[in-house]
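J.: Structure file final.cif (mmCIF, C-alpha atoms) is given on the next line.
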```cif
data_upload
loop_
_atom_site.group_PDB
_atom_site.id
_atom_site.type_symbol
_atom_site.label_atom_id
_atom_site.label_comp_id
_atom_site.auth_asym_id
_atom_site.auth_seq_id
_atom_site.Cartn_x
_atom_site.Cartn_y
_atom_site.Cartn_z
ATOM 1 C CA MET A 1 106.816 90.359 93.229
ATOM 2 C CA VAL A 2 110.371 89.055 93.318
ATOM 3 C CA ASN A 3 109.125 85.488 93.377
ATOM 4 C CA THR A 4 106.740 85.852 90.466
ATOM 5 C CA THR A 5 109.099 87.693 88.120
ATOM 6 C CA ALA A 6 111.860 85.217 88.883
ATOM 7 C CA ASN A 7 109.528 82.433 87.805
ATOM 8 C CA THR A 8 110.546 81.390 84.286
ATOM 9 C CA GLU A 9 107.075 80.229 83.263
ATOM 10 C CA VAL A 10 105.486 83.534 84.220
ATOM 11 C CA ARG A 11 108.084 85.443 82.237
ATOM 12 C CA GLY A 12 107.203 83.424 79.167
ATOM 13 C CA LEU A 13 103.534 84.255 79.584
ATOM 14 C CA ARG A 14 103.750 87.990 80.139
ATOM 15 C CA ARG A 15 102.087 90.228 77.531
ATOM 16 C CA SER A 16 102.818 93.913 77.101
ATOM 17 C CA PRO A 17 99.855 96.348 76.908
ATOM 18 C CA ALA A 18 100.403 97.193 73.204
ATOM 19 C CA ALA A 19 101.663 93.802 72.001
ATOM 20 C CA HIS A 20 98.580 93.343 69.791
ATOM 21 C CA LEU A 21 99.566 96.516 67.860
ATOM 22 C CA TRP A 22 103.161 95.592 67.021
ATOM 23 C CA THR A 23 102.238 94.567 63.476
ATOM 24 C CA ASP A 24 100.302 97.804 62.993
ATOM 25 C CA PHE A 25 103.264 99.769 64.342
ATOM 26 C CA ALA A 26 105.584 98.096 61.816
ATOM 27 C CA VAL A 27 103.153 98.661 58.921
ATOM 28 C CA GLY A 28 102.405 102.246 59.945
ATOM 29 C CA SER A 29 106.033 103.270 60.340
ATOM 30 C CA VAL A 30 107.301 105.499 57.547
ATOM 31 C CA ALA A 31 110.834 105.589 56.137
ATOM 32 C CA GLY A 32 112.534 108.477 54.372
ATOM 33 C CA GLU A 33 113.245 112.114 55.064
ATOM 34 C CA ARG A 34 109.717 112.665 56.396
ATOM 35 C CA GLY A 35 109.784 109.326 58.158
ATOM 36 C CA VAL A 36 108.487 108.422 61.579
ATOM 37 C CA THR A 37 108.597 105.063 63.315
ATOM 38 C CA LEU A 38 106.634 103.753 66.274
ATOM 39 C CA ARG A 39 107.435 100.778 68.458
ATOM 40 C CA GLU A 40 106.750 99.544 71.935
ATOM 41 C CA ILE A 41 109.567 98.912 74.390
ATOM 42 C CA PRO A 42 107.902 96.398 76.701
ATOM 43 C CA PHE A 43 108.448 95.438 80.324
ATOM 44 C CA GLN A 44 110.772 98.219 81.420
ATOM 45 C CA THR A 45 111.388 98.286 85.145
ATOM 46 C CA MET A 46 109.848 101.381 86.759
ATOM 47 C CA VAL A 47 109.952 102.435 90.371
ATOM 48 C CA GLY A 48 108.040 105.378 91.791
ATOM 49 C CA ILE A 49 109.980 107.376 94.374
ATOM 50 C CA ARG A 50 108.535 109.965 96.757
ATOM 51 C CA VAL A 51 111.190 111.626 98.867
ATOM 52 C CA ASP A 52 112.534 115.085 99.667
ATOM 53 C CA PRO A 53 115.701 115.135 97.517
ATOM 54 C CA SER A 54 117.506 117.437 99.965
ATOM 55 C CA SER A 55 116.912 115.118 102.922
ATOM 56 C CA GLU A 56 119.286 112.440 104.182
ATOM 57 C CA ALA A 57 117.028 109.734 102.692
ATOM 58 C CA GLY A 58 117.048 111.605 99.374
ATOM 59 C CA ARG A 59 120.838 111.538 99.361
ATOM 60 C CA ARG A 60 120.880 107.804 100.185
ATOM 61 C CA ILE A 61 118.483 107.096 97.294
ATOM 62 C CA GLY A 62 120.611 109.313 95.066
ATOM 63 C CA THR A 63 123.648 107.126 95.698
ATOM 64 C CA VAL A 64 121.690 104.132 94.311
ATOM 65 C CA THR A 65 120.271 105.956 91.284
ATOM 66 C CA GLY A 66 123.163 108.249 90.437
ATOM 67 C CA GLY A 67 121.485 111.349 91.842
ATOM 68 C CA LEU A 68 117.954 112.736 91.781
ATOM 69 C CA PRO A 69 116.815 115.422 89.291
ATOM 70 C CA LEU A 70 116.082 118.735 90.987
ATOM 71 C CA ALA A 71 114.042 120.677 88.431
ATOM 72 C CA CYS A 72 111.256 120.119 85.933
ATOM 73 C CA GLY A 73 112.551 118.440 82.777
ATOM 74 C CA ASN A 74 115.723 117.086 84.332
ATOM 75 C CA VAL A 75 116.741 113.441 84.045
ATOM 76 C CA THR A 76 119.624 111.806 85.870
ATOM 77 C CA SER A 77 121.315 108.666 84.622
ATOM 78 C CA GLY A 78 122.751 105.913 86.750
ATOM 79 C CA PRO A 79 124.315 102.467 86.408
ATOM 80 C CA SER A 80 123.070 99.846 83.881
ATOM 81 C CA GLY A 81 120.882 102.183 81.851
ATOM 82 C CA LEU A 82 118.973 103.392 84.893
ATOM 83 C CA ALA A 83 117.391 106.848 84.538
ATOM 84 C CA VAL A 84 115.429 108.933 87.029
ATOM 85 C CA LEU A 85 112.834 111.362 85.688
ATOM 86 C CA TRP A 86 111.538 114.421 87.557
ATOM 87 C CA LEU A 87 107.770 114.215 88.063
ATOM 88 C CA GLY A 88 107.459 116.761 90.868
ATOM 89 C CA PRO A 89 109.575 118.459 93.548
ATOM 90 C CA ASP A 90 109.383 115.314 95.682
ATOM 91 C CA GLU A 91 108.281 112.724 93.126
ATOM 92 C CA PHE A 92 110.480 110.792 90.725
ATOM 93 C CA LEU A 93 110.236 107.858 88.333
ATOM 94 C CA ALA A 94 113.175 105.482 88.031
ATOM 95 C CA ILE A 95 113.278 103.607 84.727
ATOM 96 C CA ALA A 96 115.577 100.709 83.864
ATOM 97 C CA PRO A 97 115.585 98.518 80.742
ATOM 98 C CA ASP A 98 113.939 95.103 80.869
ATOM 99 C CA ASN A 99 116.488 92.373 81.343
ATOM 100 C CA GLY A 100 114.108 89.486 80.919
ATOM 101 C CA GLY A 101 112.895 89.744 84.472
ATOM 102 C CA VAL A 102 116.013 87.965 85.706
ATOM 103 C CA ASP A 103 116.543 90.291 88.639
ATOM 104 C CA GLY A 104 113.048 91.752 88.749
ATOM 105 C CA GLY A 105 112.396 93.656 91.941
ATOM 106 C CA ILE A 106 116.040 94.111 92.853
ATOM 107 C CA LEU A 107 116.053 97.824 91.954
ATOM 108 C CA ALA A 108 112.940 98.462 94.032
ATOM 109 C CA ALA A 109 114.389 96.453 96.905
ATOM 110 C CA ALA A 110 117.630 98.452 96.804
ATOM 111 C CA LEU A 111 115.670 101.726 96.832
ATOM 112 C CA VAL A 112 113.437 100.534 99.689
ATOM 113 C CA GLU A 113 116.566 99.738 101.653
ATOM 114 C CA ALA A 114 118.031 103.167 100.851
ATOM 115 C CA LEU A 115 114.841 104.883 102.022
ATOM 116 C CA GLY A 116 114.897 102.902 105.260
ATOM 117 C CA GLU A 117 112.590 104.219 107.961
ATOM 118 C CA SER A 118 112.658 107.791 106.661
ATOM 119 C CA SER A 119 109.529 109.494 105.395
ATOM 120 C CA GLY A 120 108.918 108.797 101.730
ATOM 121 C CA GLN A 121 107.786 106.042 99.444
ATOM 122 C CA VAL A 122 109.303 103.543 97.024
ATOM 123 C CA VAL A 123 106.878 101.464 94.951
ATOM 124 C CA ASP A 124 107.527 99.081 92.063
ATOM 125 C CA LEU A 125 105.368 100.497 89.234
ATOM 126 C CA SER A 126 106.752 98.376 86.393
ATOM 127 C CA SER A 127 103.347 97.325 85.079
ATOM 128 C CA ASN A 128 101.755 100.756 85.593
ATOM 129 C CA ARG A 129 103.063 102.222 82.358
ATOM 130 C CA THR A 130 104.415 100.907 79.078
ATOM 131 C CA THR A 131 106.858 102.642 76.731
ATOM 132 C CA LEU A 132 106.092 103.780 73.193
ATOM 133 C CA GLU A 133 109.013 105.118 71.195
ATOM 134 C CA LEU A 134 108.275 107.577 68.418
ATOM 135 C CA ALA A 135 111.313 108.397 66.294
ATOM 136 C CA GLY A 136 112.238 110.010 63.022
ATOM 137 C CA PRO A 137 112.304 113.416 61.324
ATOM 138 C CA SER A 138 108.506 113.761 61.616
ATOM 139 C CA ALA A 139 108.197 112.498 65.196
ATOM 140 C CA ARG A 140 107.838 116.017 66.623
ATOM 141 C CA ASP A 141 105.233 116.908 63.994
ATOM 142 C CA VAL A 142 103.170 113.874 64.995
ATOM 143 C CA LEU A 143 103.318 114.815 68.669
ATOM 144 C CA GLU A 144 102.548 118.474 68.077
ATOM 145 C CA LYS A 145 99.202 117.560 66.547
ATOM 146 C CA SER A 146 97.845 116.717 69.989
ATOM 147 C CA CYS A 147 100.381 117.777 72.616
ATOM 148 C CA ALA A 148 100.176 121.406 73.701
ATOM 149 C CA ALA A 149 103.528 121.475 75.517
ATOM 150 C CA ASP A 150 106.291 123.447 73.796
ATOM 151 C CA LEU A 151 108.290 120.753 71.983
ATOM 152 C CA HIS A 152 110.592 123.090 70.067
ATOM 153 C CA PRO A 153 114.241 122.129 70.751
ATOM 154 C CA ARG A 154 114.901 125.501 72.404
ATOM 155 C CA ALA A 155 112.367 124.605 75.106
ATOM 156 C CA PHE A 156 112.516 120.808 74.945
ATOM 157 C CA ALA A 157 116.085 119.679 74.322
ATOM 158 C CA PRO A 158 117.183 116.054 74.046
ATOM 159 C CA GLY A 159 117.460 114.590 77.533
ATOM 160 C CA THR A 160 114.405 116.457 78.806
ATOM 161 C CA ALA A 161 111.368 114.716 80.279
ATOM 162 C CA ILE A 162 108.034 116.245 81.294
ATOM 163 C CA THR A 163 104.619 115.068 82.391
ATOM 164 C CA THR A 164 101.947 116.366 80.059
ATOM 165 C CA GLU A 165 99.008 115.288 77.920
ATOM 166 C CA ILE A 166 98.928 113.824 74.418
ATOM 167 C CA GLY A 167 95.449 113.733 72.955
ATOM 168 C CA LYS A 168 94.074 114.250 76.499
ATOM 169 C CA ILE A 169 95.971 111.163 77.710
ATOM 170 C CA PRO A 170 98.236 111.896 80.708
ATOM 171 C CA VAL A 171 101.741 110.748 79.819
ATOM 172 C CA VAL A 172 105.367 111.160 80.733
ATOM 173 C CA LEU A 173 107.232 112.374 77.645
ATOM 174 C CA TRP A 174 111.000 111.922 77.465
ATOM 175 C CA LYS A 175 113.054 113.190 74.549
ATOM 176 C CA THR A 176 115.877 110.657 74.440
ATOM 177 C CA GLY A 177 117.484 111.895 71.219
ATOM 178 C CA PRO A 178 117.249 114.751 68.699
ATOM 179 C CA GLU A 179 114.403 112.971 66.887
ATOM 180 C CA THR A 180 113.441 110.315 69.412
ATOM 181 C CA PHE A 181 110.683 110.514 72.007
ATOM 182 C CA GLN A 182 109.752 107.922 74.590
ATOM 183 C CA ILE A 183 106.143 108.178 75.723
ATOM 184 C CA PHE A 184 104.960 106.516 78.913
ATOM 185 C CA PRO A 185 101.183 106.097 79.003
ATOM 186 C CA ARG A 186 99.445 104.068 81.677
ATOM 187 C CA ALA A 187 98.859 100.490 80.526
ATOM 188 C CA SER A 188 95.130 100.949 79.966
ATOM 189 C CA PHE A 189 95.804 103.894 77.609
ATOM 190 C CA ALA A 190 98.441 102.043 75.542
ATOM 191 C CA ASP A 191 95.963 100.746 72.963
ATOM 192 C CA HIS A 192 94.257 104.116 72.468
ATOM 193 C CA LEU A 193 97.487 106.102 72.368
ATOM 194 C CA GLY A 194 99.120 103.594 70.002
ATOM 195 C CA ARG A 195 96.229 103.882 67.541
ATOM 196 C CA TRP A 196 96.100 107.663 68.063
ATOM 197 C CA LEU A 197 99.776 108.055 67.127
ATOM 198 C CA LEU A 198 99.397 105.698 64.137
ATOM 199 C CA ASP A 199 96.565 107.898 62.931
ATOM 200 C CA GLY A 200 98.796 110.955 63.251
ATOM 201 C CA MET A 201 101.592 109.213 61.328
ATOM 202 C CA GLY A 202 99.375 108.364 58.367
ATOM 203 C CA GLU A 203 99.798 111.622 56.461
ATOM 204 C CA PHE A 204 103.568 111.278 56.306
ATOM 205 C CA ALA A 205 103.229 107.920 54.565
ATOM 206 C CA ALA A 206 100.643 109.331 52.163
ATOM 207 C CA ALA A 207 102.668 112.388 51.161
ATOM 208 C CA GLY A 208 105.709 110.257 50.371
ATOM 209 C CA SER A 209 103.798 107.589 48.517
ATOM 210 C CA PRO A 210 104.198 107.525 44.711
ATOM 211 C CA THR A 211 100.491 106.809 44.315
ATOM 212 C CA TRP A 212 99.727 110.144 45.952
ATOM 213 C CA HIS A 213 101.132 112.181 43.072
ATOM 214 C CA MET B 214 93.620 128.442 75.154
ATOM 215 C CA LEU B 215 95.231 129.922 78.253
ATOM 216 C CA LEU B 216 98.788 129.253 79.380
ATOM 217 C CA PHE B 217 99.224 128.940 83.153
ATOM 218 C CA SER B 218 102.673 129.395 84.659
ATOM 219 C CA CYS B 219 103.056 126.552 87.136
ATOM 220 C CA PRO B 220 105.603 127.557 89.827
ATOM 221 C CA ASN B 221 107.315 124.186 89.332
ATOM 222 C CA CYS B 222 106.898 123.430 85.626
ATOM 223 C CA GLY B 223 106.611 126.772 83.850
ATOM 224 C CA PRO B 224 104.014 127.664 81.218
ATOM 225 C CA ARG B 225 101.598 124.853 80.431
ATOM 226 C CA ASN B 226 98.255 124.441 78.771
ATOM 227 C CA GLU B 227 95.200 125.294 80.862
ATOM 228 C CA THR B 228 93.809 121.770 80.322
ATOM 229 C CA GLU B 229 96.571 120.307 82.504
ATOM 230 C CA PHE B 230 95.172 122.123 85.556
ATOM 231 C CA HIS B 231 92.175 121.821 87.810
ATOM 232 C CA TYR B 232 90.454 124.503 89.836
ATOM 233 C CA GLY B 233 90.415 124.478 93.615
ATOM 234 C CA GLY B 234 88.208 127.412 94.542
ATOM 235 C CA GLN B 235 88.945 130.502 96.586
ATOM 236 C CA ALA B 236 92.413 130.722 98.145
ATOM 237 C CA HIS B 237 93.362 131.768 101.679
ATOM 238 C CA VAL B 238 90.313 130.336 103.434
ATOM 239 C CA ALA B 239 91.926 129.567 106.765
ATOM 240 C CA TYR B 240 90.867 126.565 108.839
ATOM 241 C CA PRO B 241 89.140 127.881 111.997
ATOM 242 C CA GLU B 242 91.491 128.123 114.952
ATOM 243 C CA HIS B 243 88.929 126.670 117.344
ATOM 244 C CA PRO B 244 86.482 124.680 115.198
ATOM 245 C CA GLU B 245 84.851 123.176 118.301
ATOM 246 C CA GLU B 246 83.676 126.636 119.336
ATOM 247 C CA LEU B 247 81.890 127.415 116.077
ATOM 248 C CA SER B 248 78.142 127.344 115.778
ATOM 249 C CA ASP B 249 76.629 125.265 112.995
ATOM 250 C CA ARG B 250 76.060 128.434 111.051
ATOM 251 C CA GLN B 251 79.688 129.565 111.367
ATOM 252 C CA TRP B 252 80.869 126.094 110.390
ATOM 253 C CA ALA B 253 78.622 126.101 107.338
ATOM 254 C CA GLU B 254 79.956 129.527 106.411
ATOM 255 C CA TYR B 255 83.521 128.239 106.676
ATOM 256 C CA LEU B 256 82.721 125.192 104.556
ATOM 257 C CA PHE B 257 80.450 126.569 101.875
ATOM 258 C CA TYR B 258 80.337 130.378 101.762
ATOM 259 C CA ARG B 259 82.724 131.864 99.225
ATOM 260 C CA GLN B 260 83.230 135.181 97.519
ATOM 261 C CA ASN B 261 81.863 135.562 94.027
ATOM 262 C CA THR B 262 84.186 138.303 92.943
ATOM 263 C CA LYS B 263 83.903 140.233 89.730
ATOM 264 C CA GLY B 264 87.488 141.307 89.077
ATOM 265 C CA LEU B 265 90.718 140.206 90.728
ATOM 266 C CA PHE B 266 90.275 136.972 92.658
ATOM 267 C CA ALA B 267 92.803 134.818 94.548
ATOM 268 C CA GLU B 268 92.177 131.146 93.854
ATOM 269 C CA ARG B 269 93.817 127.744 94.120
ATOM 270 C CA TRP B 270 94.805 125.555 91.183
ATOM 271 C CA VAL B 271 96.465 122.146 90.931
ATOM 272 C CA HIS B 272 98.725 121.018 88.085
ATOM 273 C CA SER B 273 96.991 117.651 87.903
ATOM 274 C CA THR B 274 98.706 116.152 84.862
ATOM 275 C CA GLY B 275 102.081 117.741 85.646
ATOM 276 C CA CYS B 276 103.790 118.010 89.014
ATOM 277 C CA ARG B 277 100.487 117.426 90.870
ATOM 278 C CA LYS B 278 101.203 120.337 93.211
ATOM 279 C CA TRP B 279 98.788 123.062 94.343
ATOM 280 C CA PHE B 280 99.515 126.742 93.931
ATOM 281 C CA ASN B 281 97.725 130.097 94.165
ATOM 282 C CA MET B 282 96.808 132.407 91.344
ATOM 283 C CA VAL B 283 95.351 135.912 91.154
ATOM 284 C CA ARG B 284 93.055 136.000 88.148
ATOM 285 C CA ASP B 285 90.707 138.630 86.797
ATOM 286 C CA THR B 286 87.356 136.849 86.586
ATOM 287 C CA VAL B 287 86.193 139.255 83.879
ATOM 288 C CA SER B 288 89.157 139.278 81.490
ATOM 289 C CA TYR B 289 90.856 136.012 82.578
ATOM 290 C CA ASP B 290 94.029 138.072 82.902
ATOM 291 C CA ILE B 291 96.436 136.240 85.220
ATOM 292 C CA LYS B 292 98.052 138.824 87.496
ATOM 293 C CA ALA B 293 100.185 136.648 89.766
ATOM 294 C CA VAL B 294 101.131 133.044 90.490
ATOM 295 C CA TYR B 295 102.582 132.145 93.877
ATOM 296 C CA ARG B 296 103.160 129.080 95.990
ATOM 297 C CA MET B 297 100.987 127.569 98.683
ATOM 298 C CA GLY B 298 101.508 129.293 102.031
ATOM 299 C CA GLU B 299 102.542 132.578 100.422
ATOM 300 C CA GLN B 300 100.445 135.732 100.432
ATOM 301 C CA PRO B 301 99.316 137.449 97.229
ATOM 302 C CA PRO B 302 101.573 140.275 96.038
ATOM 303 C CA ALA B 303 100.885 143.423 98.024
ATOM 304 C CA GLY B 304 98.231 145.757 96.680
ATOM 305 C CA LEU B 305 96.852 143.289 94.147
ATOM 306 C CA ILE B 306 93.827 142.029 96.035
ATOM 307 C CA PRO B 307 91.464 144.715 97.402
ATOM 308 C CA ALA B 308 90.596 144.062 101.053
ATOM 309 C CA GLY B 309 87.679 141.724 101.619
ATOM 310 C CA THR B 310 87.472 140.240 98.138
ATOM 311 C CA GLY B 311 90.140 137.580 98.304
ATOM 312 C CA SER B 312 89.488 135.972 101.646
ATOM 313 C CA THR B 313 86.583 134.881 103.754
ATOM 314 C CA SER B 314 86.239 136.973 106.863
ATOM 315 C CA PRO B 315 84.401 135.410 109.815
ATOM 316 C CA THR B 316 82.062 138.390 109.937
ATOM 317 C CA GLN B 317 80.968 138.272 106.330
ATOM 318 C CA HIS B 318 77.380 139.180 105.706
ATOM 319 C CA ALA B 319 74.726 136.527 105.533
ATOM 320 C CA PRO B 320 72.901 136.206 102.235
ATOM 321 C CA GLU B 321 69.704 138.112 101.928
ATOM 322 C CA GLY B 322 66.775 136.340 103.563
ATOM 323 C CA ALA B 323 68.946 133.896 105.528
ATOM 324 C CA LYS B 324 67.721 133.021 109.007
ATOM 325 C CA PRO B 325 70.105 134.068 111.774
#
```
Output the structure of this file as structure tokens.
T.:
Amino acid sequence: MVNTTANTEVRGLRRSPAAHLWTDFAVGSVAGERGVTLREIPFQTMVGIRVDPSSEAGRRIGTVTGGLPLACGNVTSGPSGLAVLWLGPDEFLAIAPDNGGVDGGILAAALVEALGESSGQVVDLSSNRTTLELAGPSARDVLEKSCAADLHPRAFAPGTAITTEIGKIPVVLWKTGPETFQIFPRASFADHLGRWLLDGMGEFAAAGSPTWH
Amino acid sequence: MLLFSCPNCGPRNETEFHYGGQAHVAYPEHPEELSDRQWAEYLFYRQNTKGLFAERWVHSTGCRKWFNMVRDTVSYDIKAVYRMGEQPPAGLIPAGTGSTSPTQHAPEGAKP
């Protein structure tokens, strides 16, 4: 893993799961007060962590990641844009921005070292999921068409992340800002979910279009 | 659509969960001493309760953890949600309807 991502030629060849939709995302994005934009954030580093957060190993991993979230919805932030999302009482997802693959695998290696011989699991899951970012005043409206979780700000404040379903697709949903959602579908669902969200965004373009009236 | 209250995640849509059958079916203490019939009863014989029923559910697209629920099989009214390893709230489950007893009656016409 470390060897392949450090290889410059491989980095040049890598393709993100929704790369073929980037043009559609740009065309389908809507500006204005009812606007909503969609884009893919490719190649983020993701590491799956299974550990009891109250154990000694959990504390050691917490020192690398800047703590582990302890309840549903919580997200902890660490150094260099690293975030850890709560997936379950003993399951977490560490997410760090792509840096061109320069130090690919280093985060996972550091977490493996922190876990040591203790019971638990640290696995590099970077290519398991991709990131779709839905943002804008209508972003919540688009999601609420096919996500049954309560997305009202009183129940789902910025900084909250949950695992749920959007259009029957299992995703991790992270509200990174007041009108910004990052959606993490598995790679094989990226095409379907991307088109699904574009379809949901269509009405906001139509209602604001001068040809509509 | 029903809302289930996951002990870890709070109220979520029913479609995020999967069913795991009757709760509190204990693994036999001495499985090597069971006859084939007793083993089959442990594996396959379950209550088919009309009314309050203790059952297992898993939050498959959420925290992926199992929990227990007492549900009315007639009205779908959810009476209690509690964690694995815990007992149902006292007085909720009438004796003999929420757990498999080793002396449960054989179905009619079954060979001994």
J.: How many Å lie between CA of Ser288 in chain B and CA of Lys263 in chain B, rounded to one decimal?
T.: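 Taking CA of Ser288 in chain B as the start and CA of Lys263 in chain B as the end point, the length is 9.8 Å.
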J.: Could you list, as an mmCIF file with C-alpha atoms, in the coordinates of the input, every residue of chain A that has an atom within 12 Å of an atom of chain B, counting all atoms listed in the file?
T.:
```cif
data_model
loop_
_atom_site.group_PDB
_atom_site.id
_atom_site.type_symbol
_atom_site.label_atom_id
_atom_site.label_comp_id
_atom_site.auth_asym_id
_atom_site.auth_seq_id
_atom_site.Cartn_x
_atom_site.Cartn_y
_atom_site.Cartn_z
ATOM 1 C CA LEU A 70 116.082 118.735 90.987
ATOM 2 C CA ALA A 71 114.042 120.677 88.431
ATOM 3 C CA CYS A 72 111.256 120.119 85.933
ATOM 4 C CA GLY A 73 112.551 118.440 82.777
ATOM 5 C CA ASN A 74 115.723 117.086 84.332
ATOM 6 C CA LEU A 85 112.834 111.362 85.688
ATOM 7 C CA TRP A 86 111.538 114.421 87.557
ATOM 8 C CA LEU A 87 107.770 114.215 88.063
ATOM 9 C CA GLY A 88 107.459 116.761 90.868
ATOM 10 C CA PRO A 89 109.575 118.459 93.548
ATOM 11 C CA ASP A 90 109.383 115.314 95.682
ATOM 12 C CA GLU A 91 108.281 112.724 93.126
ATOM 13 C CA PHE A 92 110.480 110.792 90.725
ATOM 14 C CA SER A 146 97.845 116.717 69.989
ATOM 15 C CA CYS A 147 100.381 117.777 72.616
ATOM 16 C CA ALA A 148 100.176 121.406 73.701
ATOM 17 C CA ALA A 149 103.528 121.475 75.517
ATOM 18 C CA ASP A 150 106.291 123.447 73.796
ATOM 19 C CA LEU A 151 108.290 120.753 71.983
ATOM 20 C CA ALA A 155 112.367 124.605 75.106
ATOM 21 C CA ALA A 161 111.368 114.716 80.279
ATOM 22 C CA ILE A 162 108.034 116.245 81.294
ATOM 23 C CA THR A 163 104.619 115.068 82.391
ATOM 24 C CA THR A 164 101.947 116.366 80.059
ATOM 25 C CA GLU A 165 99.008 115.288 77.920
ATOM 26 C CA ILE A 166 98.928 113.824 74.418
ATOM 27 C CA GLY A 167 95.449 113.733 72.955
ATOM 28 C CA LYS A 168 94.074 114.250 76.499
ATOM 29 C CA ILE A 169 95.971 111.163 77.710
ATOM 30 C CA PRO A 170 98.236 111.896 80.708
ATOM 31 C CA VAL A 171 101.741 110.748 79.819
ATOM 32 C CA VAL A 172 105.367 111.160 80.733
ATOM 33 C CA LEU A 173 107.232 112.374 77.645
ATOM 34 C CA PRO A 185 101.183 106.097 79.003
#
```
J.: Which residues come within 10 Å of Val294 in chain B, counting all atoms listed in the file, excluding same-chain residues fewer than 2 positions away, as number ranges by chain?
T.: B: 217-220, 267-270, 280-284, 291-292, 296-297, 301-302
J.: For the residues in the current selection, export C-alpha atoms as a compact mmCIF listing (two decimals), in the coordinates of the input.
T.:
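The new file selection_26.txt reads:
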```txt
# COMPACT_ATOMS: atom_id res chain seq x y z
CA PHE B 217 99.22 128.94 83.15
CA SER B 218 102.67 129.40 84.66
CA CYS B 219 103.06 126.55 87.14
CA PRO B 220 105.60 127.56 89.83
CA ALA B 267 92.80 134.82 94.55
CA GLU B 268 92.18 131.15 93.85
CA ARG B 269 93.82 127.74 94.12
CA TRP B 270 94.80 125.56 91.18
CA PHE B 280 99.52 126.74 93.93
CA ASN B 281 97.72 130.10 94.16
CA MET B 282 96.81 132.41 91.34
CA VAL B 283 95.35 135.91 91.15
CA ARG B 284 93.06 136.00 88.15
CA ILE B 291 96.44 136.24 85.22
CA LYS B 292 98.05 138.82 87.50
CA ARG B 296 103.16 129.08 95.99
CA MET B 297 100.99 127.57 98.68
CA PRO B 301 99.32 137.45 97.23
CA PRO B 302 101.57 140.28 96.04
```
J.: Could you give me, as a ChimeraX atom specification, the residues within 9 Å of Pro241 in chain B, counting all atoms listed in the file and dropping anything in the same chain fewer than 5 positions from it?
T.: /B:247,252,255
J.: Going by the chain IDs and residue numbers used in this file, which residues fall under the PyMOL selection byres ((chain A and resi 120-131) around 8)? Write them as a PyMOL selection string.
T.: chain A and resi 16-17+40-52+105+108+111-112+115+118-119+132-133+182-187+190
J.: Kindly provide, as AutoDock Vina command-line options, the centre and edge lengths (Å, one decimal) of an axis-aligned box around all atoms of range 251-270 of chain B given in the file, with 8 Å on each side.
T.:
```
--center_x 86.7 --center_y 133.2 --center_z 100.2 --size_x 32.2 --size_y 32.1 --size_z 38.3
```
J.: By how many Å are CA of Thr176 in chain A and CA of Pro153 in chain A apart?
T.: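 Atom-to-atom, CA of Thr176 in chain A to CA of Pro153 in chain A, that is 12.2 Å.
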J.: Which value, in Å to one decimal, gives the distance between CA of Leu93 in chain A and CA of His20 in chain A?
T.: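 That distance, rounded to one decimal, is 26.3 Å.
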J.: Take the PyMOL selection byres ((chain B and resi 265) around 6), apply it to the structure above, and return the hits as a ChimeraX atom specification.
T.: /B:264,266,284-285
J.: To test your reading of the syntax: which residues would the PyMOL selection byres ((chain A and resi 76) around 9) return for the file shown? Reply as a list in words.
T.: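 With the shown file as input, the PyMOL selection byres ((chain A and resi 76) around 9) matches Thr65, Gly66, Gly67, Leu68, Pro69, Asn74, Val75, Ser77, Gly78, Leu82, Ala83, Val84, Leu85 and Trp86 of chain A.
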J.: If you keep C-alpha atoms, can you produce a file of those selected residues as a tab-separated table (two decimals), in the coordinates of the input?
T.:
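The new file selection-v9.tsv reads:
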```
chain	number	residue	atom	x	y	z
A	65	THR	CA	120.27	105.96	91.28
A	66	GLY	CA	123.16	108.25	90.44
A	67	GLY	CA	121.48	111.35	91.84
A	68	LEU	CA	117.95	112.74	91.78
A	69	PRO	CA	116.82	115.42	89.29
A	74	ASN	CA	115.72	117.09	84.33
A	75	VAL	CA	116.74	113.44	84.04
A	77	SER	CA	121.32	108.67	84.62
A	78	GLY	CA	122.75	105.91	86.75
A	82	LEU	CA	118.97	103.39	84.89
A	83	ALA	CA	117.39	106.85	84.54
A	84	VAL	CA	115.43	108.93	87.03
A	85	LEU	CA	112.83	111.36	85.69
A	86	TRP	CA	111.54	114.42	87.56
```
J.: Counting all atoms listed in the file, which residue out of A:Ile106, A:Ala94, A:Leu21, A:Ala57 sits closest to Leu197 in chain A?
T.: A:Leu21
J.: Using the incomplete input, complete range 131-136 of chain A to the level of N, CA and C atoms; output as a compact mmCIF listing (two decimals), in the frame of the given file.
T.:
```
# COMPACT_ATOMS: atom_id res chain seq x y z
N THR A 131 106.04 101.66 77.43
CA THR A 131 106.86 102.64 76.73
C THR A 131 106.58 102.57 75.24
N LEU A 132 106.19 103.69 74.65
CA LEU A 132 106.09 103.78 73.19
C LEU A 132 107.20 104.70 72.72
N GLU A 133 107.93 104.28 71.71
CA GLU A 133 109.01 105.12 71.19
C GLU A 133 108.66 105.61 69.80
N LEU A 134 108.58 106.93 69.68
CA LEU A 134 108.28 107.58 68.42
C LEU A 134 109.56 108.25 67.94
N ALA A 135 110.02 107.88 66.74
CA ALA A 135 111.31 108.40 66.29
C ALA A 135 111.25 108.74 64.81
N GLY A 136 112.14 109.64 64.42
CA GLY A 136 112.24 110.01 63.02
C GLY A 136 112.07 111.50 62.82
```
